[in-house]
$ cat data23.txt   # compact mmCIF, C-alpha atoms
# COMPACT_ATOMS: atom_id res chain seq x y z
CA MET A 6 19.52 109.79 31.15
CA LYS A 7 16.70 107.74 32.61
CA PHE A 8 14.35 106.03 30.21
CA ASN A 9 10.59 105.96 30.13
CA ASN A 10 9.31 102.62 31.42
CA LYS A 11 6.53 102.59 28.84
CA ASP A 12 9.10 102.81 26.05
CA ILE A 13 10.89 99.79 27.49
CA ASP A 14 7.64 97.80 27.54
CA LEU A 15 6.97 98.87 23.96
CA ILE A 16 10.44 97.83 22.79
CA GLU A 17 10.09 94.45 24.50
CA THR A 18 6.69 93.88 22.90
CA TYR A 19 8.17 94.74 19.49
CA LEU A 20 11.16 92.45 19.98
CA ASN A 21 8.81 89.63 21.03
CA LYS A 22 6.83 90.24 17.82
CA GLU A 23 3.67 90.87 19.82
CA LEU A 24 2.62 94.17 18.23
CA GLY A 25 -0.29 94.32 15.83
CA PRO A 26 0.43 95.38 12.19
CA GLN A 27 -0.59 99.03 12.75
CA GLU A 28 1.32 99.33 16.01
CA GLU A 29 4.33 97.78 14.36
CA ASP A 30 4.23 100.31 11.52
CA ALA A 31 3.93 103.15 14.04
CA PHE A 32 6.84 101.73 16.01
CA GLU A 33 9.07 101.51 12.92
CA THR A 34 8.13 105.04 11.86
CA ARG A 35 9.08 106.29 15.31
CA LEU A 36 12.44 104.53 15.00
CA GLN A 37 13.08 106.52 11.84
CA THR A 38 11.95 109.88 13.17
CA ASP A 39 12.83 109.90 16.88
CA SER A 40 16.61 109.64 17.29
CA ASP A 41 16.46 109.33 21.12
CA PHE A 42 14.04 106.44 20.82
CA LYS A 43 16.22 104.80 18.17
CA GLU A 44 19.24 105.09 20.48
CA LEU A 45 17.28 103.55 23.36
CA PHE A 46 16.07 100.75 21.07
CA ASP A 47 19.60 99.94 19.89
CA GLU A 48 20.94 99.90 23.44
CA VAL A 49 18.13 97.85 24.94
CA SER A 50 18.26 95.33 22.08
CA ILE A 51 21.97 94.70 22.57
CA LEU A 52 21.59 94.55 26.36
CA ILE A 53 18.82 91.96 26.12
CA MET A 54 20.94 89.97 23.67
CA GLY A 55 23.84 90.09 26.15
CA ILE A 56 21.61 88.97 29.04
CA GLN A 57 20.24 86.08 26.98
CA GLN A 58 23.68 84.97 25.87
CA THR A 59 24.95 85.12 29.47
CA GLY A 60 21.98 83.04 30.62
CA ARG A 61 22.59 80.49 27.86
CA GLU A 62 26.30 80.28 28.73
CA ALA A 63 25.42 79.74 32.41
CA VAL A 64 23.13 76.81 31.52
CA LEU A 65 25.81 75.27 29.28
CA SER A 66 28.39 75.78 31.98
CA ARG A 67 26.13 74.01 34.48
CA LEU A 68 25.76 71.07 32.10
CA ARG A 69 29.55 70.86 31.79
CA GLU A 70 29.76 70.91 35.58
CA LEU A 71 27.43 67.92 35.66
CA ASP A 72 29.71 66.17 33.18
CA ASN A 73 32.68 66.72 35.48
CA ILE A 74 30.82 65.21 38.41
CA THR A 75 29.53 62.20 36.49
CA VAL A 76 32.91 61.56 34.86
CA SER A 77 34.50 61.30 38.29
CA GLU A 78 31.69 58.99 39.39
CA SER A 79 32.21 56.67 36.44
CA ILE A 80 35.97 56.62 36.98
CA ASN A 81 35.37 55.55 40.57
CA GLN A 82 32.84 52.94 39.42
CA TYR A 83 35.22 51.63 36.79
CA LYS A 84 38.00 51.34 39.33
CA LYS A 85 35.69 49.46 41.68
CA ASN A 86 34.43 47.06 38.99
CA SER A 87 37.82 46.38 37.49
CA GLY A 88 39.22 45.75 40.98
CA LEU A 89 36.58 43.10 41.68
CA ARG A 90 37.05 41.45 38.30
CA LEU A 91 40.78 41.21 38.88
CA ILE A 92 40.27 39.58 42.25
CA ARG A 93 37.92 36.99 40.74
CA MET A 94 40.16 36.19 37.80
CA TYR A 95 43.49 36.27 39.51
CA SER A 96 42.81 34.97 42.98
CA PRO A 97 46.52 34.29 43.72
CA TYR A 98 47.21 37.96 43.20
CA ALA A 99 44.13 39.12 45.08
CA ALA A 100 45.90 39.43 48.40
CA ALA A 101 48.69 41.47 46.87
CA ALA A 102 46.13 43.68 45.13
CA ILE A 103 44.29 44.24 48.40
CA VAL A 104 47.52 45.21 50.14
CA PHE A 105 48.32 47.58 47.31
CA LEU A 106 44.80 49.01 47.41
CA ALA A 107 45.02 49.46 51.16
CA ALA A 108 48.33 51.29 50.77
CA PHE A 109 46.82 53.44 48.03
CA LEU A 110 43.82 54.26 50.17
CA TRP A 111 46.04 55.15 53.07
CA ILE A 112 47.85 57.71 50.93
CA ASN A 113 44.74 58.81 49.09
CA PRO A 114 41.59 58.14 51.10
CA GLY A 115 39.46 56.96 48.21
CA ILE A 116 38.93 60.41 46.78
CA PRO A 117 41.02 60.87 43.67
CA LEU A 118 41.11 64.65 43.75
CA LYS A 119 42.61 64.84 40.31
CA ASN A 120 39.22 63.69 39.02
CA TYR A 121 37.59 66.76 40.41
CA SER A 122 38.23 69.61 38.05
CA PRO A 123 38.40 73.09 39.41
CA TYR A 124 35.10 74.87 39.10
CA SER A 125 34.62 76.18 35.57
CA TYR A 126 33.71 79.78 35.02
CA ASN A 127 29.99 80.15 35.46
CA THR A 128 28.75 83.39 36.86
CA PHE A 129 30.80 86.22 38.13
CA ARG A 130 30.00 89.33 40.06
CA SER A 131 32.26 92.20 40.81
CA SER A 132 32.47 93.75 44.25
CA GLY A 133 31.66 97.00 42.45
CA LYS A 134 33.43 99.09 45.06
CA GLU A 135 36.04 100.85 42.97
CA SER A 136 36.80 100.90 39.30
CA THR A 137 40.34 99.52 39.76
CA GLU A 138 38.89 96.67 41.80
CA ARG A 139 36.41 95.98 39.07
CA LEU A 140 39.17 95.83 36.52
CA HIS A 141 41.15 93.47 38.69
CA SER A 142 38.07 91.28 39.13
CA ILE A 143 37.54 91.00 35.40
CA SER A 144 41.19 90.60 34.64
CA GLY A 145 41.57 87.92 37.37
CA LEU A 146 38.57 86.14 35.98
CA SER A 147 40.08 86.10 32.48
CA ASP A 148 43.22 84.52 33.91
CA TYR A 149 41.06 81.99 35.77
CA GLN A 150 39.24 81.11 32.55
CA GLU A 151 42.57 80.66 30.79
CA LYS A 152 43.65 78.41 33.68
CA ASP A 153 46.47 80.77 34.67
CA TYR A 154 45.59 80.27 38.33
CA LYS A 155 48.76 81.89 39.65
CA LYS A 156 47.96 85.18 37.96
CA ALA A 157 44.29 84.91 38.94
CA ILE A 158 45.28 84.46 42.60
CA LYS A 159 47.52 87.54 42.48
CA LYS A 160 44.76 89.68 41.03
CA PHE A 161 41.97 88.38 43.26
CA GLU A 162 44.19 88.78 46.34
CA SER A 163 44.88 92.41 45.42
CA ILE A 164 41.19 93.23 45.72
CA LYS A 165 40.72 94.77 49.14
CA ILE A 166 37.01 94.22 49.58
CA LYS A 167 36.13 90.80 48.25
CA ASN A 168 32.56 89.76 47.64
CA ASP A 169 31.38 86.15 47.90
CA THR A 170 32.08 85.42 44.23
CA ILE A 171 35.66 86.66 44.42
CA TRP A 172 36.22 84.54 47.54
CA PHE A 173 34.82 81.57 45.69
CA TYR A 174 36.97 81.93 42.58
CA LEU A 175 40.03 82.71 44.68
CA GLY A 176 39.38 79.47 46.56
CA ASN A 177 39.02 77.62 43.26
CA ALA A 178 42.28 79.04 41.96
CA TYR A 179 44.06 77.83 45.12
CA PHE A 180 42.28 74.48 44.82
CA ALA A 181 43.49 74.11 41.23
CA ARG A 182 47.05 74.67 42.49
CA TYR A 183 46.58 72.07 45.26
CA GLN A 184 46.90 74.76 47.96
CA PHE A 185 44.01 73.25 49.87
CA LYS A 186 44.42 75.08 53.18
CA LYS A 187 44.31 78.44 51.47
CA ALA A 188 41.42 77.27 49.29
CA LEU A 189 39.53 76.22 52.41
CA SER A 190 40.00 79.57 54.11
CA CYS A 191 38.37 81.20 51.07
CA TYR A 192 35.47 78.74 50.87
CA GLU A 193 34.76 79.17 54.57
CA GLN A 194 34.19 82.92 54.37
CA LYS A 195 30.87 83.55 56.09
CA PRO A 196 29.15 85.53 53.31
CA LEU A 197 29.99 82.73 50.89
CA LEU A 198 28.77 79.84 53.03
CA ASN A 199 25.67 81.55 54.36
CA GLY A 200 23.05 82.67 51.93
CA SER A 201 25.22 82.99 48.84
CA GLU A 202 23.93 81.38 45.67
CA LEU A 203 27.34 79.71 45.45
CA SER A 204 27.10 78.23 48.95
CA TYR A 205 26.53 74.63 47.77
CA ASP A 206 29.48 74.86 45.41
CA ALA A 207 31.62 76.36 48.18
CA LYS A 208 30.62 73.57 50.59
CA TRP A 209 31.44 70.88 48.04
CA TYR A 210 34.91 72.26 47.34
CA ALA A 211 35.45 72.97 51.04
CA ALA A 212 34.71 69.29 51.72
CA LEU A 213 37.18 68.19 49.03
CA SER A 214 39.83 70.55 50.44
CA LEU A 215 39.26 69.13 53.92
CA ILE A 216 39.59 65.56 52.62
CA ALA A 217 42.83 66.53 50.92
CA THR A 218 44.15 67.86 54.21
CA LYS A 219 42.87 64.74 56.04
CA LYS A 220 40.31 66.60 58.13
CA HIS A 221 37.70 63.98 57.46
CA HIS A 222 35.44 64.70 60.37
CA LYS A 223 34.80 68.26 59.32
CA ALA A 224 34.53 67.22 55.66
CA LEU A 225 31.76 64.83 56.66
CA ASP A 226 29.77 67.71 58.14
CA TYR A 227 29.78 69.48 54.79
CA LEU A 228 29.04 66.29 52.88
CA LYS A 229 26.13 65.49 55.16
CA ASP A 230 24.78 68.97 54.66
CA LEU A 231 25.10 68.63 50.88
CA SER A 232 23.62 65.13 50.71
CA GLU A 233 20.51 66.40 52.47
CA SER A 234 20.30 69.39 50.14
CA ASN A 235 18.55 69.70 46.84
CA SER A 236 21.74 70.60 45.03
CA ILE A 237 23.51 68.85 42.18
CA TYR A 238 26.11 67.68 44.66
CA SER A 239 23.67 65.76 46.86
CA HIS A 240 24.12 62.34 45.23
CA GLU A 241 27.90 62.37 45.07
CA ALA A 242 28.20 63.96 48.50
CA HIS A 243 26.19 61.04 49.87
CA GLN A 244 28.37 58.51 48.04
CA LEU A 245 31.54 60.19 49.22
CA SER A 246 30.38 60.39 52.82
CA GLN A 247 29.88 56.60 52.81
CA LYS A 248 33.57 55.93 52.11
CA ARG A 249 35.01 53.94 54.97
CA ARG A 250 38.18 55.97 55.21
CA LEU A 251 36.13 59.05 55.83
CA GLN A 252 34.03 57.37 58.48
CA LYS A 253 37.07 56.56 60.62
CA MET B 29 16.54 71.33 38.79
CA GLU B 30 14.41 69.24 36.44
CA LEU B 31 16.59 70.02 33.42
CA GLU B 32 19.61 68.52 35.16
CA LYS B 33 17.67 65.32 35.86
CA VAL B 34 16.65 65.09 32.19
CA TYR B 35 20.24 65.78 31.18
CA LEU B 36 21.66 63.01 33.32
CA LYS B 37 18.91 60.52 32.50
CA HIS B 38 19.46 60.49 28.72
CA LYS B 39 23.12 61.44 28.47
CA ASP B 40 24.70 58.02 28.05
CA ALA B 41 22.04 56.61 25.71
CA PHE B 42 22.12 59.76 23.58
CA ARG B 43 25.89 59.83 23.23
CA SER B 44 26.22 56.10 22.47
CA TRP B 45 23.47 56.30 19.87
CA ILE B 46 24.79 59.40 18.15
CA VAL B 47 28.40 58.16 18.06
CA SER B 48 27.45 54.78 16.59
CA ARG B 49 24.78 56.10 14.22
CA PHE B 50 26.70 59.06 12.77
CA LYS B 51 30.32 58.07 13.43
CA ILE B 52 31.23 61.30 15.17
CA THR B 53 33.73 61.85 17.98
CA GLN B 54 32.79 61.62 21.66
CA ASP B 55 33.57 65.33 22.05
CA ASP B 56 31.25 66.28 19.19
CA ALA B 57 28.58 63.97 20.63
CA THR B 58 28.84 65.70 24.02
CA GLU B 59 28.65 69.14 22.43
CA ILE B 60 25.63 68.08 20.38
CA TYR B 61 23.95 66.73 23.50
CA HIS B 62 24.55 70.03 25.30
CA GLN B 63 23.07 71.95 22.37
CA SER B 64 20.10 69.57 22.14
CA ILE B 65 19.31 69.94 25.84
CA LEU B 66 19.62 73.71 25.50
CA SER B 67 17.24 73.74 22.50
CA PHE B 68 14.80 71.58 24.47
CA TYR B 69 14.94 74.02 27.40
CA GLU B 70 14.71 77.15 25.27
CA ASN B 71 11.78 75.75 23.28
CA ILE B 72 9.93 75.10 26.54
CA ILE B 73 10.60 78.50 28.09
CA GLY B 74 10.00 80.27 24.76
CA GLY B 75 6.56 78.64 24.54
CA LYS B 76 7.40 76.76 21.32
CA LEU B 77 7.16 73.38 23.02
CA ILE B 78 3.96 73.14 25.02
CA LYS B 79 3.04 69.49 24.60
CA LEU B 80 5.19 66.57 23.56
CA ASN B 81 3.68 63.92 21.29
CA CYS B 82 6.59 61.58 21.95
CA SER B 83 8.91 60.79 24.84
CA ILE B 84 11.57 63.30 25.91
CA LYS B 85 14.18 60.78 24.79
CA THR B 86 12.74 60.57 21.25
CA TYR B 87 12.48 64.35 21.12
CA LEU B 88 16.10 64.81 22.17
CA PHE B 89 17.32 62.19 19.69
CA SER B 90 15.44 63.91 16.90
CA VAL B 91 16.90 67.33 17.83
CA GLY B 92 20.33 65.73 18.09
CA LYS B 93 20.02 64.20 14.61
CA ASN B 94 19.28 67.63 13.13
CA LYS B 95 22.21 69.12 15.05
CA VAL B 96 24.52 66.49 13.52
CA PHE B 97 23.29 67.44 10.04
CA ASP B 98 23.89 71.11 10.85
CA LEU B 99 27.39 70.29 12.08
CA ARG B 100 28.15 68.32 8.91
CA ARG B 101 26.82 71.08 6.67
CA LYS B 102 29.01 73.57 8.53
CA GLN B 103 32.07 71.33 8.25
CA ASN B 104 31.44 70.71 4.53
CA ARG B 105 31.07 74.43 3.92
CA LEU B 106 34.32 75.15 5.70
CA MET B 107 36.16 72.39 3.82
CA GLY B 108 35.02 73.81 0.49
CA LEU B 109 36.23 77.31 1.31
CA ASP B 110 39.66 78.67 0.57
CA GLU B 111 40.65 81.45 2.95
CA ASN B 112 42.02 83.53 0.08
CA THR B 113 38.73 83.42 -1.75
CA LEU B 114 36.75 84.65 1.23
CA PRO B 115 35.51 88.21 1.00
CA LYS B 116 37.59 90.50 3.20
CA ASP B 117 34.73 91.11 5.64
CA THR B 118 34.19 87.37 6.23
CA ALA B 119 37.87 86.67 6.68
CA ARG B 120 38.16 89.26 9.40
CA SER B 121 38.17 88.19 12.97
CA GLY B 122 34.72 88.32 14.64
CA SER B 123 35.95 90.62 17.38
CA ASP B 124 36.41 93.47 14.87
CA ASP B 125 32.70 93.52 14.26
CA PRO B 126 31.17 96.44 16.25
CA THR B 127 28.07 94.36 17.05
CA ASP B 128 30.26 91.62 18.52
CA GLN B 129 32.19 94.21 20.51
CA LEU B 130 28.97 95.74 21.84
CA LEU B 131 27.69 92.31 22.77
CA ILE B 132 30.89 91.62 24.71
CA ILE B 133 30.56 94.97 26.48
CA SER B 134 26.92 94.30 27.32
CA LYS B 135 27.94 90.98 28.91
CA GLN B 136 30.74 92.69 30.83
CA ALA B 137 28.29 95.36 31.98
CA LEU B 138 26.02 92.62 33.31
CA LEU B 139 28.90 91.16 35.31
CA LEU B 140 29.69 94.58 36.70
CA LEU B 141 26.06 95.12 37.57
CA GLY B 142 26.18 92.16 39.97
CA ASN B 143 23.39 90.57 41.95
CA PRO B 144 20.50 90.68 42.63
CA CYS B 145 20.00 92.68 39.41
CA LYS B 146 21.93 90.21 37.26
CA THR B 147 19.82 87.28 38.43
CA LEU B 148 16.59 89.23 38.07
CA LEU B 149 17.36 90.24 34.49
CA GLU B 150 18.47 86.73 33.54
CA LEU B 151 15.33 85.21 35.04
CA TYR B 152 13.17 87.62 33.11
CA TYR B 153 14.91 87.95 29.75
CA TYR B 154 16.48 84.50 29.38
CA HIS B 155 14.51 82.09 31.55
CA LYS B 156 11.29 83.94 30.60
CA GLN B 157 9.90 83.76 34.10
CA SER B 158 6.88 85.85 35.00
CA MET B 159 7.08 88.74 37.45
CA GLN B 160 5.10 86.63 39.91
CA GLN B 161 7.57 83.74 39.68
CA ILE B 162 10.53 86.10 40.07
CA ALA B 163 8.91 87.79 43.06
CA GLY B 164 8.46 84.41 44.75
CA GLN B 165 11.95 83.25 43.93
CA MET B 166 13.79 86.43 44.85
CA GLY B 167 11.65 87.48 47.77
CA TYR B 168 10.12 90.66 46.36
CA LYS B 169 6.88 91.89 47.82
CA ASN B 170 4.71 91.54 44.73
CA GLU B 171 4.67 91.68 40.93
CA ASN B 172 4.70 95.47 40.84
CA SER B 173 7.70 95.88 43.05
CA THR B 174 9.52 93.22 40.99
CA LYS B 175 8.65 95.07 37.80
CA ASN B 176 9.91 98.37 39.25
CA GLN B 177 13.07 96.62 40.34
CA LYS B 178 13.49 95.29 36.82
CA TYR B 179 13.28 98.80 35.34
CA LYS B 180 15.81 100.06 37.87
CA CYS B 181 18.18 97.20 37.11
CA LEU B 182 17.88 97.70 33.36
CA ASN B 183 18.52 101.41 33.75
CA LYS B 184 21.56 100.73 35.91
CA LEU B 185 22.80 98.20 33.36
CA ARG B 186 22.34 100.74 30.59
CA GLU B 187 24.38 103.32 32.50
CA ILE B 188 27.26 100.88 33.04
CA PHE B 189 27.04 99.83 29.39
CA ARG B 190 27.21 103.44 28.20
CA THR B 191 30.24 104.17 30.37
CA GLU B 192 32.03 101.09 29.06
CA VAL B 193 31.10 101.90 25.46
CA GLN B 194 32.47 105.41 25.85
CA LYS B 195 35.75 103.97 27.07
CA GLU B 196 35.93 101.81 23.95
CA LYS B 197 34.81 104.72 21.74
CA ILE B 198 32.24 102.69 19.81
CA VAL B 199 29.30 104.47 18.22
CA ILE B 200 26.14 102.48 18.86
CA HIS B 201 23.73 103.93 16.35
CA GLU B 202 26.09 103.24 13.43
CA VAL B 203 25.88 99.51 14.15

$ encode --input "data23.txt" --output "structure tokens"
Amino acid sequence: MKFNNKDIDLIETYLNKELGPQEEDAFETRLQTDSDFKELFDEVSILIMGIQQTGREAVLSRLRELDNITVSESINQYKKNSGLRLIRMYSPYAAAAIVFLAAFLWINPGIPLKNYSPYSYNTFRSSGKESTERLHSISGLSDYQEKDYKKAIKKFESIKIKNDTIWFYLGNAYFARYQFKKALSCYEQKPLLNGSELSYDAKWYAALSLIATKKHHKALDYLKDLSESNSIYSHEAHQLSQKRRLQK
Amino acid sequence: MELEKVYLKHKDAFRSWIVSRFKITQDDATEIYHQSILSFYENIIGGKLIKLNCSIKTYLFSVGKNKVFDLRRKQNRLMGLDENTLPKDTARSGSDDPTDQLLIISKQALLLLGNPCKTLLELYYYHKQSMQQIAGQMGYKNENSTKNQKYKCLNKLREIFRTEVQKEKIVIHEV
């Protein structure tokens, strides 16, 4: 049953406490006498509450994402500072430390992937094609949230028509299991990279997956793109792109 | 996003201050900082904070201090309570509450609704953006077409919600 738009406006005005005393009385009387209106009011109130809570959770999730990025930055900074201090204090061991560092960098090109947490659950959209697909989307997402990435992968893979969000979370689940090539193939899906609201996130994780598979040249393309963007990844993408191992 | 800049700018100072001043854990300090930033944002978008008479840093520290007191009050209340003495209703798990269940379903319905409707509704009902701002951001022709789109999205959301509620067999008007 479709609602009357005026009733929606009226309910919103009431919920925002913007009705005058007489209008408010009339509204409350109508709630008591008009059962259809009462039903609409109850539904719309709970829907608005759900939307607001989802919005709040998305902001909090974004703040936690920022924490993840800055934590990895400070770990890198700490490693850099402590390395320099060691060289100054223990000059006889400096050469050995440099050799060790060089060997470490050769194995791991300056990007400690373990410091980059898999993307936390933020927003999720179902493909909405079929009800079973919807259920699989939600169920896969629950597994992803509980960090059961194996199960999440199975459920996301079983969805025939994947939208950009499913591709993204499937990529993240592979990323969390260090299956970087598979992760990359998800992140590089055209609808996800072009025009999706998750495109910056996808590019960032695509770059990390490429670094992990030693495809530095292509990773640099993504990092350059991100460092010139207005996204939250711009600063760290710039820093990462300056790493000498990546430049070679 | 400006909020992210504010978040990053004051994060370290806030957490160091709150940990040393109130002797709380780093995790609690981080959570309190998140909540303080959220309050700051919601007060701005809700029109409660129009002009600041102090710096953002002072404002955040003051909100954070109150959040620590709230946290302590909550912890003290919980420490003073014996589970056996709790009334049955309070001891029950939150998920048994029909309102909680409906709220969960409404959030699920929003996920199922998908974009662009989800974004539009969040921009309007949570971020309190005007129809004009939403039109500009989402590429709608004008305020009227955005408003019409909003009604359509809300109606669609309501339909999904009703279907999901029927599956769960919850009666809304008894809540």

$ closest_residue --input "data23.txt" --among "A:Glu23, A:Asp41, A:Glu28, A:Glu33" --to "chain B" --atoms "only C-alpha atoms"
A:Asp41

$ atom_distance --input "data23.txt" --atom1 "atom CA of Gly176 of chain A" --atom2 "atom CA of Leu189 of chain A"
6.7 Å

$ atom_distance --input "data23.txt" --atom1 "atom CA of Leu198 of chain A" --atom2 "atom CA of Glu62 of chain A"
24.4 Å

$ closest_atom_pairs --input "data23.txt" --of "chain B" --to "chain A" --cutoff "6 Å" --atoms "all atoms listed in the file" --output "Markdown table"
| residue | atom | partner | partner_atom | distance |
| --- | --- | --- | --- | --- |
| B:Leu131 | CA | A:Gly55 | CA | 5.6 |
| B:Ser134 | CA | A:Gly55 | CA | 5.3 |
| B:Lys135 | CA | A:Gly55 | CA | 5.0 |
| B:Leu139 | CA | A:Arg130 | CA | 5.2 |
| B:Leu140 | CA | A:Ser131 | CA | 5.4 |
| B:Gly142 | CA | A:Arg130 | CA | 4.8 |
| B:Glu150 | CA | A:Gly60 | CA | 5.9 |
| B:Tyr154 | CA | A:Gln57 | CA | 4.7 |

$ residues_around --input "data23.txt" --residues "Ile158 of chain A" --least-positions-apart "4" --cutoff "7 Å" --atoms "only C-alpha atoms" --output "PDB file with C-alpha atoms, keeping the file's coordinate frame"
ATOM      1  CA  TYR A 154      45.590  80.270  38.330  1.00  0.00           C
ATOM      2  CA  GLU A 162      44.190  88.780  46.340  1.00  0.00           C
ATOM      3  CA  LEU A 175      40.030  82.710  44.680  1.00  0.00           C
ATOM      4  CA  ALA A 178      42.280  79.040  41.960  1.00  0.00           C
TER       5      ALA A 178
END

$ atom_distance --input "data23.txt" --atom1 "atom CA of Leu146 of chain A" --atom2 "atom CA of Ile133 of chain B"
15.2 Å

$ residues_around --input "data23.txt" --residues "segment 57-59 of chain B" --least-positions-apart "6" --cutoff "7 Å" --atoms "only C-alpha atoms" --output "list in words"
Arg43, Ile46 and Val47 of chain B
